[in-house]
file start.tsv (TSV, C-alpha atoms)
chain	number	residue	atom	x	y	z
A	1	MET	CA	65.65	118.18	105.35
A	2	ASP	CA	62.08	118.91	104.27
A	3	GLU	CA	60.65	117.70	100.97
A	4	THR	CA	61.05	121.03	99.18
A	5	SER	CA	64.70	121.36	100.23
A	6	ARG	CA	65.35	117.81	99.07
A	7	THR	CA	63.70	118.48	95.71
A	8	ARG	CA	65.70	121.68	95.26
A	9	ARG	CA	68.95	119.84	95.96
A	10	ILE	CA	68.05	117.00	93.56
A	11	ALA	CA	67.22	119.52	90.84
A	12	GLN	CA	70.57	121.24	91.28
A	13	GLU	CA	72.37	117.89	91.19
A	14	TYR	CA	70.44	116.88	88.07
A	15	VAL	CA	71.90	119.85	86.22
A	16	ASP	CA	75.36	119.67	87.76
A	17	ARG	CA	75.84	115.97	87.07
A	18	THR	CA	74.50	116.29	83.52
A	19	GLU	CA	76.86	119.18	82.84
A	20	ARG	CA	79.77	117.16	84.29
A	21	ARG	CA	78.82	114.10	82.18
A	22	ASP	CA	78.72	112.20	85.48
A	23	TRP	CA	76.48	109.49	84.05
A	24	ASP	CA	76.62	107.20	87.07
A	25	GLY	CA	75.80	110.13	89.31
A	26	LEU	CA	72.97	111.26	87.04
A	27	GLY	CA	71.55	107.74	86.86
A	28	ALA	CA	71.55	107.56	90.66
A	29	LEU	CA	69.08	110.47	90.73
A	30	LEU	CA	66.51	108.73	88.50
A	31	VAL	CA	63.90	106.07	89.11
A	32	GLU	CA	64.42	103.02	86.90
A	33	ASP	CA	61.32	103.77	84.81
A	34	VAL	CA	61.75	107.54	84.62
A	35	VAL	CA	59.57	109.17	81.96
A	36	TYR	CA	61.03	111.88	79.72
A	37	GLU	CA	58.78	114.08	77.58
A	38	MET	CA	59.35	116.87	75.08
A	39	PRO	CA	55.92	118.39	74.46
A	40	GLN	CA	57.14	120.49	71.53
A	41	THR	CA	57.78	117.36	69.47
A	42	ARG	CA	55.35	115.18	71.41
A	43	GLU	CA	58.17	112.70	72.02
A	44	ARG	CA	58.26	110.46	75.07
A	45	PHE	CA	60.61	107.76	76.21
A	46	HIS	CA	60.97	105.64	79.30
A	47	GLY	CA	63.79	104.35	81.44
A	48	ARG	CA	66.97	105.49	83.11
A	49	ALA	CA	69.22	103.85	80.50
A	50	THR	CA	67.45	105.63	77.64
A	51	LEU	CA	67.61	109.02	79.33
A	52	LEU	CA	71.34	108.57	79.96
A	53	ARG	CA	71.86	107.51	76.36
A	54	PHE	CA	69.88	110.50	75.10
A	55	ASN	CA	72.24	112.82	76.97
A	56	GLN	CA	75.38	110.86	76.10
A	57	GLU	CA	74.60	110.91	72.40
A	58	TYR	CA	73.21	114.43	72.17
A	59	PRO	CA	75.29	116.11	69.47
A	60	GLY	CA	77.52	119.12	69.94
A	61	ASP	CA	79.59	120.56	72.75
A	62	TRP	CA	76.60	121.39	74.92
A	63	HIS	CA	76.70	123.06	78.32
A	64	LEU	CA	74.03	123.72	80.91
A	65	ARG	CA	73.86	126.31	83.65
A	66	MET	CA	71.10	126.73	86.21
A	67	ARG	CA	69.61	130.18	86.01
A	68	ARG	CA	66.85	129.54	88.53
A	69	VAL	CA	65.41	126.60	90.41
A	70	VAL	CA	61.95	126.79	91.95
A	71	ALA	CA	61.09	123.83	94.18
A	72	ASP	CA	57.76	123.10	95.83
A	73	GLY	CA	57.17	119.76	97.54
A	74	PRO	CA	57.77	117.01	94.94
A	75	HIS	CA	57.92	119.45	92.00
A	76	ALA	CA	60.71	121.60	90.64
A	77	ALA	CA	60.92	124.00	87.73
A	78	LEU	CA	64.37	124.67	86.28
A	79	TRP	CA	65.25	127.65	84.13
A	80	LEU	CA	68.44	126.73	82.32
A	81	ASP	CA	70.87	128.57	80.15
A	82	ALA	CA	72.08	126.14	77.52
A	83	ARG	CA	74.91	126.64	75.09
A	84	VAL	CA	75.94	124.52	72.11
A	85	GLY	CA	79.10	126.01	70.66
A	86	GLU	CA	78.23	129.66	70.03
A	87	GLU	CA	74.48	129.13	70.14
A	88	GLU	CA	72.74	130.09	73.37
A	89	MET	CA	69.22	129.19	74.33
A	90	ALA	CA	67.10	128.63	77.39
A	91	ALA	CA	65.30	125.55	78.63
A	92	CYS	CA	62.34	125.24	80.96
A	93	VAL	CA	62.41	121.87	82.72
A	94	TRP	CA	59.71	120.43	84.96
A	95	LEU	CA	60.74	117.67	87.37
A	96	GLU	CA	58.71	115.33	89.52
A	97	VAL	CA	60.40	113.60	92.46
A	98	SER	CA	59.16	110.32	93.94
A	99	GLU	CA	58.62	109.67	97.64
A	100	ASP	CA	62.00	107.91	97.62
A	101	GLY	CA	63.71	111.10	96.48
A	102	LEU	CA	64.35	110.08	92.88
A	103	ILE	CA	63.33	111.90	89.73
A	104	SER	CA	60.36	110.11	88.17
A	105	ARG	CA	59.44	112.49	85.34
A	106	VAL	CA	61.30	115.10	83.29
A	107	THR	CA	59.48	117.44	80.91
A	108	ASP	CA	61.72	119.63	78.76
A	109	TYR	CA	60.76	122.73	76.81
A	110	TRP	CA	63.31	124.26	74.45
A	111	PRO	CA	61.80	127.55	73.34
A	112	GLU	CA	63.40	128.94	70.20
A	113	ALA	CA	64.07	132.55	69.33
A	114	TYR	CA	61.76	134.21	66.83
A	115	GLU	CA	61.14	137.63	65.35
A	116	PRO	CA	58.51	139.76	67.12
A	117	PRO	CA	55.71	141.61	65.32
A	118	ALA	CA	56.99	144.82	63.70
A	119	ASP	CA	54.85	146.99	65.96
A	120	ARG	CA	52.98	145.98	69.09
A	121	GLY	CA	51.42	149.43	69.28
A	122	PHE	CA	53.27	150.49	72.41
A	123	PRO	CA	56.93	151.03	73.32
A	124	VAL	CA	58.91	147.82	73.58
A	125	GLU	CA	62.66	147.56	74.14
A	126	ARG	CA	64.76	144.95	72.40
A	127	TYR	CA	67.55	143.59	74.54
B	128	MET	CA	50.54	132.66	105.48
B	129	ASP	CA	54.20	132.05	104.66
B	130	GLU	CA	55.96	133.64	101.69
B	131	THR	CA	55.75	130.55	99.48
B	132	SER	CA	52.03	130.12	100.11
B	133	ARG	CA	51.47	133.79	99.34
B	134	THR	CA	53.46	133.52	96.11
B	135	ARG	CA	51.52	130.41	95.07
B	136	ARG	CA	48.21	132.19	95.66
B	137	ILE	CA	49.35	135.29	93.72
B	138	ALA	CA	50.47	133.11	90.80
B	139	GLN	CA	47.09	131.36	90.69
B	140	GLU	CA	45.29	134.72	90.82
B	141	TYR	CA	47.53	136.09	88.07
B	142	VAL	CA	46.29	133.37	85.72
B	143	ASP	CA	42.68	133.38	86.91
B	144	ARG	CA	42.27	137.15	86.62
B	145	THR	CA	43.97	137.25	83.22
B	146	GLU	CA	41.69	134.47	81.95
B	147	ARG	CA	38.64	136.33	83.33
B	148	ARG	CA	39.78	139.62	81.73
B	149	ASP	CA	39.53	141.10	85.23
B	150	TRP	CA	41.89	143.95	84.35
B	151	ASP	CA	41.41	145.86	87.62
B	152	GLY	CA	42.02	142.67	89.55
B	153	LEU	CA	45.08	141.81	87.47
B	154	GLY	CA	46.49	145.31	87.86
B	155	ALA	CA	46.09	145.03	91.64
B	156	LEU	CA	48.56	142.11	91.60
B	157	LEU	CA	51.34	144.09	89.89
B	158	VAL	CA	53.85	146.65	91.09
B	159	GLU	CA	53.55	149.94	89.21
B	160	ASP	CA	56.86	149.44	87.38
B	161	VAL	CA	56.46	145.72	86.69
B	162	VAL	CA	58.92	144.41	84.09
B	163	TYR	CA	57.72	142.01	81.40
B	164	GLU	CA	60.20	140.07	79.25
B	165	MET	CA	59.91	137.60	76.39
B	166	PRO	CA	63.40	136.16	75.94
B	167	GLN	CA	62.50	134.45	72.66
B	168	THR	CA	62.05	137.80	70.95
B	169	ARG	CA	64.26	139.73	73.39
B	170	GLU	CA	61.36	142.12	74.00
B	171	ARG	CA	60.95	143.98	77.27
B	172	PHE	CA	58.47	146.54	78.48
B	173	HIS	CA	57.78	148.25	81.76
B	174	GLY	CA	54.74	149.27	83.73
B	175	ARG	CA	51.41	147.98	84.90
B	176	ALA	CA	49.45	149.93	82.30
B	177	THR	CA	51.52	148.52	79.45
B	178	LEU	CA	51.19	144.93	80.68
B	179	LEU	CA	47.43	145.33	80.98
B	180	ARG	CA	47.27	146.82	77.49
B	181	PHE	CA	49.40	143.99	76.10
B	182	ASN	CA	46.86	141.49	77.42
B	183	GLN	CA	43.82	143.57	76.48
B	184	GLU	CA	44.99	143.96	72.89
B	185	TYR	CA	46.42	140.49	72.38
B	186	PRO	CA	44.64	139.16	69.30
B	187	GLY	CA	42.39	136.13	69.16
B	188	ASP	CA	40.03	134.37	71.54
B	189	TRP	CA	42.79	133.27	73.90
B	190	HIS	CA	42.35	131.19	77.04
B	191	LEU	CA	44.75	130.19	79.79
B	192	ARG	CA	44.63	127.28	82.20
B	193	MET	CA	47.11	126.52	84.95
B	194	ARG	CA	48.63	123.12	84.50
B	195	ARG	CA	51.12	123.43	87.35
B	196	VAL	CA	52.34	126.11	89.71
B	197	VAL	CA	55.62	125.71	91.56
B	198	ALA	CA	56.25	128.37	94.21
B	199	ASP	CA	59.37	128.88	96.26
B	200	GLY	CA	59.77	131.99	98.41
B	201	PRO	CA	59.42	135.03	96.13
B	202	HIS	CA	59.59	132.98	92.92
B	203	ALA	CA	56.97	131.03	91.02
B	204	ALA	CA	57.07	128.99	87.83
B	205	LEU	CA	53.80	128.51	85.97
B	206	TRP	CA	53.16	125.84	83.39
B	207	LEU	CA	50.18	127.00	81.40
B	208	ASP	CA	47.99	125.45	78.76
B	209	ALA	CA	47.05	128.20	76.34
B	210	ARG	CA	44.48	128.02	73.60
B	211	VAL	CA	43.75	130.49	70.81
B	212	GLY	CA	40.76	129.23	68.86
B	213	GLU	CA	41.73	125.68	67.87
B	214	GLU	CA	45.44	126.16	68.44
B	215	GLU	CA	46.84	124.79	71.68
B	216	MET	CA	50.25	125.55	73.10
B	217	ALA	CA	52.03	125.72	76.43
B	218	ALA	CA	53.67	128.60	78.21
B	219	CYS	CA	56.37	128.60	80.86
B	220	VAL	CA	56.10	131.72	83.00
B	221	TRP	CA	58.55	132.88	85.67
B	222	LEU	CA	57.25	135.32	88.28
B	223	GLU	CA	59.02	137.38	90.90
B	224	VAL	CA	57.04	138.74	93.83
B	225	SER	CA	58.09	141.80	95.82
B	226	GLU	CA	58.25	141.99	99.60
B	227	ASP	CA	54.90	143.77	99.45
B	228	GLY	CA	53.33	140.75	97.78
B	229	LEU	CA	53.04	142.20	94.27
B	230	ILE	CA	54.39	140.78	91.04
B	231	SER	CA	57.50	142.72	90.02
B	232	ARG	CA	58.71	140.71	87.04
B	233	VAL	CA	57.10	138.38	84.49
B	234	THR	CA	59.16	136.34	82.06
B	235	ASP	CA	57.18	134.44	79.43
B	236	TYR	CA	58.36	131.60	77.23
B	237	TRP	CA	56.07	130.38	74.45
B	238	PRO	CA	57.72	127.24	73.10
B	239	GLU	CA	56.47	126.25	69.67
B	240	ALA	CA	55.90	122.78	68.30
B	241	TYR	CA	58.48	121.43	65.87
B	242	GLU	CA	59.29	118.21	64.06
B	243	PRO	CA	61.71	115.86	65.83
B	244	PRO	CA	64.68	114.22	64.11
B	245	ALA	CA	63.60	111.26	61.98
B	246	ASP	CA	65.51	108.81	64.16
B	247	ARG	CA	67.04	109.42	67.56
B	248	GLY	CA	68.61	105.98	67.50
B	249	PHE	CA	66.43	104.54	70.27
B	250	PRO	CA	62.70	103.91	70.70
B	251	VAL	CA	60.69	107.08	71.16
B	252	GLU	CA	56.89	107.30	71.36
B	253	ARG	CA	54.97	110.12	69.73
B	254	TYR	CA	51.96	111.22	71.75

call {"tool": "encode", "arguments": {"input": "start.tsv", "output": "C-alpha cells"}}
result
Amino acid sequence: MDETSRTRRIAQEYVDRTERRDWDGLGALLVEDVVYEMPQTRERFHGRATLLRFNQEYPGDWHLRMRRVVADGPHAALWLDARVGEEEMAACVWLEVSEDGLISRVTDYWPEAYEPPADRGFPVERY
Amino acid sequence: MDETSRTRRIAQEYVDRTERRDWDGLGALLVEDVVYEMPQTRERFHGRATLLRFNQEYPGDWHLRMRRVVADGPHAALWLDARVGEEEMAACVWLEVSEDGLISRVTDYWPEAYEPPADRGFPVERY
C-alpha cells in the first residue's frame, strides 16, 4: 500500500473508531506524544491519553460521519458531519501521519453557523 | 502529470491568482457553471462571473496564503491563512476539479475564533 492509501485508511479509521467509542482502537492509531490543536480557541494539548480523555469526556450524545477524506502522502484533510443531539455542524480536520503510520498531529476546526449579510449585491440562494 | 498532481497545481493557482487579483487567470481555472457554497451561512451561488464578482467586491484589503494543500484525485482541501488588515483568520476550502481540469465546486469554511471553556479538566496550553 502506498503512503497516500495508508494515510486515507488511517483517517477513515480515526473517524470510525472515534464514532464507535473504540478507545483502545483509537489510541492504537496515535503516536504517544500526539499533538492536538484547536486554532479557533488557540488551545493545544499533548499525548495520546489526553486526546482519548478529551473524546471520552466530551459532553453530549455526539456522532461523527465522514463526508470526505482527502489524503496526500502523510497529510489528510477530513470533512466531517457532526451531530450532537439535534444540532448539526461540520468539522474540518487536518491530520499528519508519521513514518510509522501513526497520527502525530490533529488540528480541528469547528466552524459555526452565522447570518450572512442582508444583500451581497448579486443573487445568492439559501439552502 | 497524474490527476492528483494536476489538482494540486490547480489548487495552488486558485489561491495565487486570487491573491494577485488576476481575475482573467482565476476565471480560466473555473468551469462556466462553477458552484460556490458557504455552509456556515447556507449560501450558494452559481457561475464563473458571480464568483469573480464575489472576490472583486469582497470588502477590505484581504490577503490569502496557502498553509497546506492536500490533493487526492479530483479533490483538494486547502488550509489558508487569510488576513484582512490586522485581522487574521483561517479558511478551510474544499475544491472539486472536473475531468477537463477546471474547478467545478468550491466550498468555503471560515471558522471564527471563540473563547474556550474555562476548564476542560486537564492541562491545555493556550498559544

call {"tool": "interface_residues", "arguments": {"input": "start.tsv", "of": "chain A", "to": "chain B", "cutoff": "10 Å", "atoms": "only C-alpha atoms", "output": "JSON, numbers by chain"}}
result
{"A": [4, 8, 36, 37, 38, 39, 40, 41, 42, 43, 44, 45, 46, 50, 53, 54, 57, 58, 68, 69, 70, 71, 72, 73, 74, 75, 76, 77, 78, 79, 89, 90, 91, 92, 93, 94, 109, 110, 111, 112, 113, 114, 115, 116, 117, 120, 121, 122, 123, 124, 125, 126, 127]}

call {"tool": "atom_distance", "arguments": {"input": "start.tsv", "atom1": "CA of Val106 in chain A", "atom2": "CA of Arg194 in chain B"}}
result
15.0 Å

call {"tool": "residues_around", "arguments": {"input": "start.tsv", "residues": "Gln56 in chain A", "least_positions_apart": "6", "cutoff": "10 Å", "atoms": "only C-alpha atoms", "output": "PyMOL selection string"}}
result
chain A and resi 18+21+23+50

call {"tool": "atom_distance", "arguments": {"input": "start.tsv", "atom1": "CA of Ser98 in chain A", "atom2": "CA of Tyr14 in chain A"}}
result
14.3 Å

call {"tool": "atom_distance", "arguments": {"input": "start.tsv", "atom1": "CA of His190 in chain B", "atom2": "CA of Met128 in chain B"}}
result
29.6 Å

call {"tool": "closest_residue", "arguments": {"input": "start.tsv", "among": "A:Glu88, A:Leu80, A:Leu29, A:Gly60", "to": "Arg9 in chain A", "atoms": "only C-alpha atoms"}}
result
A:Leu29

call {"tool": "closest_residue", "arguments": {"input": "start.tsv", "among": "A:Leu51, A:Asp16, A:Asp119, A:Arg83", "to": "Val35 in chain A", "atoms": "all atoms listed in the file"}}
result
A:Leu51

call {"tool": "decode", "arguments": {"input": "start.tsv", "residues": "range 203-249 of chain B", "atoms": "N, CA and C atoms", "output": "PDB file, in the first residue's frame"}}
result
ATOM      1  N   ALA B 203      -9.417  18.527  -3.672  1.00  0.00           N
ATOM      2  CA  ALA B 203      -8.350  19.171  -2.907  1.00  0.00           C
ATOM      3  C   ALA B 203      -8.952  19.837  -1.684  1.00  0.00           C
ATOM      4  N   ALA B 204      -8.179  19.847  -0.616  1.00  0.00           N
ATOM      5  CA  ALA B 204      -8.512  20.604   0.593  1.00  0.00           C
ATOM      6  C   ALA B 204      -7.405  21.622   0.796  1.00  0.00           C
ATOM      7  N   LEU B 205      -7.803  22.866   1.032  1.00  0.00           N
ATOM      8  CA  LEU B 205      -6.847  23.973   1.175  1.00  0.00           C
ATOM      9  C   LEU B 205      -7.010  24.570   2.563  1.00  0.00           C
ATOM     10  N   TRP B 206      -5.901  24.680   3.236  1.00  0.00           N
ATOM     11  CA  TRP B 206      -5.864  25.334   4.541  1.00  0.00           C
ATOM     12  C   TRP B 206      -5.185  26.674   4.302  1.00  0.00           C
ATOM     13  N   LEU B 207      -5.957  27.718   4.433  1.00  0.00           N
ATOM     14  CA  LEU B 207      -5.467  29.054   4.096  1.00  0.00           C
ATOM     15  C   LEU B 207      -5.316  29.920   5.336  1.00  0.00           C
ATOM     16  N   ASP B 208      -4.285  30.743   5.315  1.00  0.00           N
ATOM     17  CA  ASP B 208      -4.192  31.864   6.247  1.00  0.00           C
ATOM     18  C   ASP B 208      -4.716  33.084   5.517  1.00  0.00           C
ATOM     19  N   ALA B 209      -5.714  33.712   6.092  1.00  0.00           N
ATOM     20  CA  ALA B 209      -6.300  34.903   5.485  1.00  0.00           C
ATOM     21  C   ALA B 209      -6.051  36.085   6.410  1.00  0.00           C
ATOM     22  N   ARG B 210      -5.899  37.238   5.807  1.00  0.00           N
ATOM     23  CA  ARG B 210      -5.664  38.440   6.590  1.00  0.00           C
ATOM     24  C   ARG B 210      -6.472  39.555   5.950  1.00  0.00           C
ATOM     25  N   VAL B 211      -7.212  40.292   6.772  1.00  0.00           N
ATOM     26  CA  VAL B 211      -7.903  41.495   6.318  1.00  0.00           C
ATOM     27  C   VAL B 211      -7.455  42.608   7.245  1.00  0.00           C
ATOM     28  N   GLY B 212      -6.593  43.468   6.735  1.00  0.00           N
ATOM     29  CA  GLY B 212      -5.986  44.487   7.604  1.00  0.00           C
ATOM     30  C   GLY B 212      -5.196  43.786   8.694  1.00  0.00           C
ATOM     31  N   GLU B 213      -5.545  44.053   9.964  1.00  0.00           N
ATOM     32  CA  GLU B 213      -4.839  43.440  11.086  1.00  0.00           C
ATOM     33  C   GLU B 213      -5.446  42.099  11.495  1.00  0.00           C
ATOM     34  N   GLU B 214      -6.638  41.825  10.998  1.00  0.00           N
ATOM     35  CA  GLU B 214      -7.343  40.619  11.437  1.00  0.00           C
ATOM     36  C   GLU B 214      -6.849  39.394  10.676  1.00  0.00           C
ATOM     37  N   GLU B 215      -6.481  38.357  11.436  1.00  0.00           N
ATOM     38  CA  GLU B 215      -6.035  37.119  10.809  1.00  0.00           C
ATOM     39  C   GLU B 215      -7.027  36.016  11.106  1.00  0.00           C
ATOM     40  N   MET B 216      -7.314  35.209  10.112  1.00  0.00           N
ATOM     41  CA  MET B 216      -8.147  34.026  10.341  1.00  0.00           C
ATOM     42  C   MET B 216      -7.724  32.953   9.366  1.00  0.00           C
ATOM     43  N   ALA B 217      -8.307  31.768   9.541  1.00  0.00           N
ATOM     44  CA  ALA B 217      -8.012  30.655   8.653  1.00  0.00           C
ATOM     45  C   ALA B 217      -9.238  30.366   7.807  1.00  0.00           C
ATOM     46  N   ALA B 218      -9.011  29.706   6.697  1.00  0.00           N
ATOM     47  CA  ALA B 218     -10.115  29.178   5.905  1.00  0.00           C
ATOM     48  C   ALA B 218      -9.805  27.727   5.572  1.00  0.00           C
ATOM     49  N   CYS B 219     -10.861  26.930   5.506  1.00  0.00           N
ATOM     50  CA  CYS B 219     -10.770  25.557   5.025  1.00  0.00           C
ATOM     51  C   CYS B 219     -11.619  25.486   3.759  1.00  0.00           C
ATOM     52  N   VAL B 220     -10.969  25.185   2.642  1.00  0.00           N
ATOM     53  CA  VAL B 220     -11.617  25.243   1.334  1.00  0.00           C
ATOM     54  C   VAL B 220     -11.557  23.864   0.688  1.00  0.00           C
ATOM     55  N   TRP B 221     -12.714  23.435   0.187  1.00  0.00           N
ATOM     56  CA  TRP B 221     -12.816  22.126  -0.476  1.00  0.00           C
ATOM     57  C   TRP B 221     -13.099  22.367  -1.946  1.00  0.00           C
ATOM     58  N   LEU B 222     -12.214  21.850  -2.803  1.00  0.00           N
ATOM     59  CA  LEU B 222     -12.362  22.021  -4.250  1.00  0.00           C
ATOM     60  C   LEU B 222     -12.675  20.702  -4.924  1.00  0.00           C
ATOM     61  N   GLU B 223     -13.497  20.795  -5.976  1.00  0.00           N
ATOM     62  CA  GLU B 223     -13.690  19.658  -6.874  1.00  0.00           C
ATOM     63  C   GLU B 223     -13.267  20.078  -8.276  1.00  0.00           C
ATOM     64  N   VAL B 224     -12.511  19.217  -8.931  1.00  0.00           N
ATOM     65  CA  VAL B 224     -11.975  19.512 -10.256  1.00  0.00           C
ATOM     66  C   VAL B 224     -12.627  18.562 -11.265  1.00  0.00           C
ATOM     67  N   SER B 225     -13.063  19.144 -12.379  1.00  0.00           N
ATOM     68  CA  SER B 225     -13.727  18.357 -13.431  1.00  0.00           C
ATOM     69  C   SER B 225     -12.709  17.514 -14.198  1.00  0.00           C
ATOM     70  N   GLU B 226     -13.228  16.631 -15.041  1.00  0.00           N
ATOM     71  CA  GLU B 226     -12.336  15.818 -15.876  1.00  0.00           C
ATOM     72  C   GLU B 226     -11.500  16.681 -16.802  1.00  0.00           C
ATOM     73  N   ASP B 227     -12.030  17.845 -17.159  1.00  0.00           N
ATOM     74  CA  ASP B 227     -11.296  18.770 -18.031  1.00  0.00           C
ATOM     75  C   ASP B 227     -10.220  19.566 -17.290  1.00  0.00           C
ATOM     76  N   GLY B 228     -10.128  19.369 -15.974  1.00  0.00           N
ATOM     77  CA  GLY B 228      -9.100  20.091 -15.236  1.00  0.00           C
ATOM     78  C   GLY B 228      -9.511  21.498 -14.849  1.00  0.00           C
ATOM     79  N   LEU B 229     -10.814  21.701 -14.638  1.00  0.00           N
ATOM     80  CA  LEU B 229     -11.304  23.006 -14.190  1.00  0.00           C
ATOM     81  C   LEU B 229     -12.052  22.826 -12.872  1.00  0.00           C
ATOM     82  N   ILE B 230     -12.031  23.864 -12.063  1.00  0.00           N
ATOM     83  CA  ILE B 230     -12.690  23.779 -10.758  1.00  0.00           C
ATOM     84  C   ILE B 230     -14.197  23.879 -10.959  1.00  0.00           C
ATOM     85  N   SER B 231     -14.926  22.889 -10.462  1.00  0.00           N
ATOM     86  CA  SER B 231     -16.370  22.845 -10.659  1.00  0.00           C
ATOM     87  C   SER B 231     -17.148  23.183  -9.388  1.00  0.00           C
ATOM     88  N   ARG B 232     -16.492  23.095  -8.245  1.00  0.00           N
ATOM     89  CA  ARG B 232     -17.190  23.378  -6.986  1.00  0.00           C
ATOM     90  C   ARG B 232     -16.177  23.861  -5.955  1.00  0.00           C
ATOM     91  N   VAL B 233     -16.579  24.906  -5.233  1.00  0.00           N
ATOM     92  CA  VAL B 233     -15.768  25.494  -4.163  1.00  0.00           C
ATOM     93  C   VAL B 233     -16.646  25.556  -2.928  1.00  0.00           C
ATOM     94  N   THR B 234     -16.185  24.981  -1.848  1.00  0.00           N
ATOM     95  CA  THR B 234     -16.902  25.068  -0.573  1.00  0.00           C
ATOM     96  C   THR B 234     -15.971  25.708   0.437  1.00  0.00           C
ATOM     97  N   ASP B 235     -16.379  26.847   0.965  1.00  0.00           N
ATOM     98  CA  ASP B 235     -15.535  27.623   1.887  1.00  0.00           C
ATOM     99  C   ASP B 235     -16.081  27.556   3.305  1.00  0.00           C
ATOM    100  N   TYR B 236     -15.201  27.255   4.234  1.00  0.00           N
ATOM    101  CA  TYR B 236     -15.490  27.422   5.660  1.00  0.00           C
ATOM    102  C   TYR B 236     -14.558  28.505   6.205  1.00  0.00           C
ATOM    103  N   TRP B 237     -15.147  29.400   6.985  1.00  0.00           N
ATOM    104  CA  TRP B 237     -14.404  30.486   7.629  1.00  0.00           C
ATOM    105  C   TRP B 237     -14.624  30.391   9.132  1.00  0.00           C
ATOM    106  N   PRO B 238     -13.898  29.501   9.791  1.00  0.00           N
ATOM    107  CA  PRO B 238     -14.118  29.315  11.234  1.00  0.00           C
ATOM    108  C   PRO B 238     -13.640  30.521  12.029  1.00  0.00           C
ATOM    109  N   GLU B 239     -14.475  30.968  12.939  1.00  0.00           N
ATOM    110  CA  GLU B 239     -14.138  32.155  13.731  1.00  0.00           C
ATOM    111  C   GLU B 239     -13.578  31.773  15.094  1.00  0.00           C
ATOM    112  N   ALA B 240     -12.754  32.649  15.619  1.00  0.00           N
ATOM    113  CA  ALA B 240     -12.195  32.443  16.954  1.00  0.00           C
ATOM    114  C   ALA B 240     -13.307  32.510  17.993  1.00  0.00           C
ATOM    115  N   TYR B 241     -13.162  31.749  19.060  1.00  0.00           N
ATOM    116  CA  TYR B 241     -14.095  31.855  20.181  1.00  0.00           C
ATOM    117  C   TYR B 241     -13.365  31.494  21.468  1.00  0.00           C
ATOM    118  N   GLU B 242     -14.002  31.815  22.594  1.00  0.00           N
ATOM    119  CA  GLU B 242     -13.399  31.544  23.892  1.00  0.00           C
ATOM    120  C   GLU B 242     -13.639  30.092  24.293  1.00  0.00           C
ATOM    121  N   PRO B 243     -12.606  29.411  24.757  1.00  0.00           N
ATOM    122  CA  PRO B 243     -12.785  28.013  25.189  1.00  0.00           C
ATOM    123  C   PRO B 243     -13.482  27.960  26.548  1.00  0.00           C
ATOM    124  N   PRO B 244     -13.954  26.769  26.930  1.00  0.00           N
ATOM    125  CA  PRO B 244     -14.456  26.598  28.300  1.00  0.00           C
ATOM    126  C   PRO B 244     -13.361  26.965  29.295  1.00  0.00           C
ATOM    127  N   ALA B 245     -13.786  27.444  30.463  1.00  0.00           N
ATOM    128  CA  ALA B 245     -12.820  27.895  31.473  1.00  0.00           C
ATOM    129  C   ALA B 245     -11.894  26.755  31.894  1.00  0.00           C
ATOM    130  N   ASP B 246     -12.420  25.545  31.954  1.00  0.00           N
ATOM    131  CA  ASP B 246     -11.624  24.423  32.444  1.00  0.00           C
ATOM    132  C   ASP B 246     -12.086  23.154  31.734  1.00  0.00           C
ATOM    133  N   ARG B 247     -11.206  22.551  30.981  1.00  0.00           N
ATOM    134  CA  ARG B 247     -11.570  21.299  30.318  1.00  0.00           C
ATOM    135  C   ARG B 247     -11.306  20.092  31.219  1.00  0.00           C
ATOM    136  N   GLY B 248     -10.714  20.345  32.376  1.00  0.00           N
ATOM    137  CA  GLY B 248     -10.490  19.252  33.311  1.00  0.00           C
ATOM    138  C   GLY B 248      -9.143  18.580  33.132  1.00  0.00           C
ATOM    139  N   PHE B 249      -8.345  19.068  32.186  1.00  0.00           N
ATOM    140  CA  PHE B 249      -6.984  18.538  32.020  1.00  0.00           C
ATOM    141  C   PHE B 249      -6.136  19.680  31.466  1.00  0.00           C
TER     142      PHE B 249
END
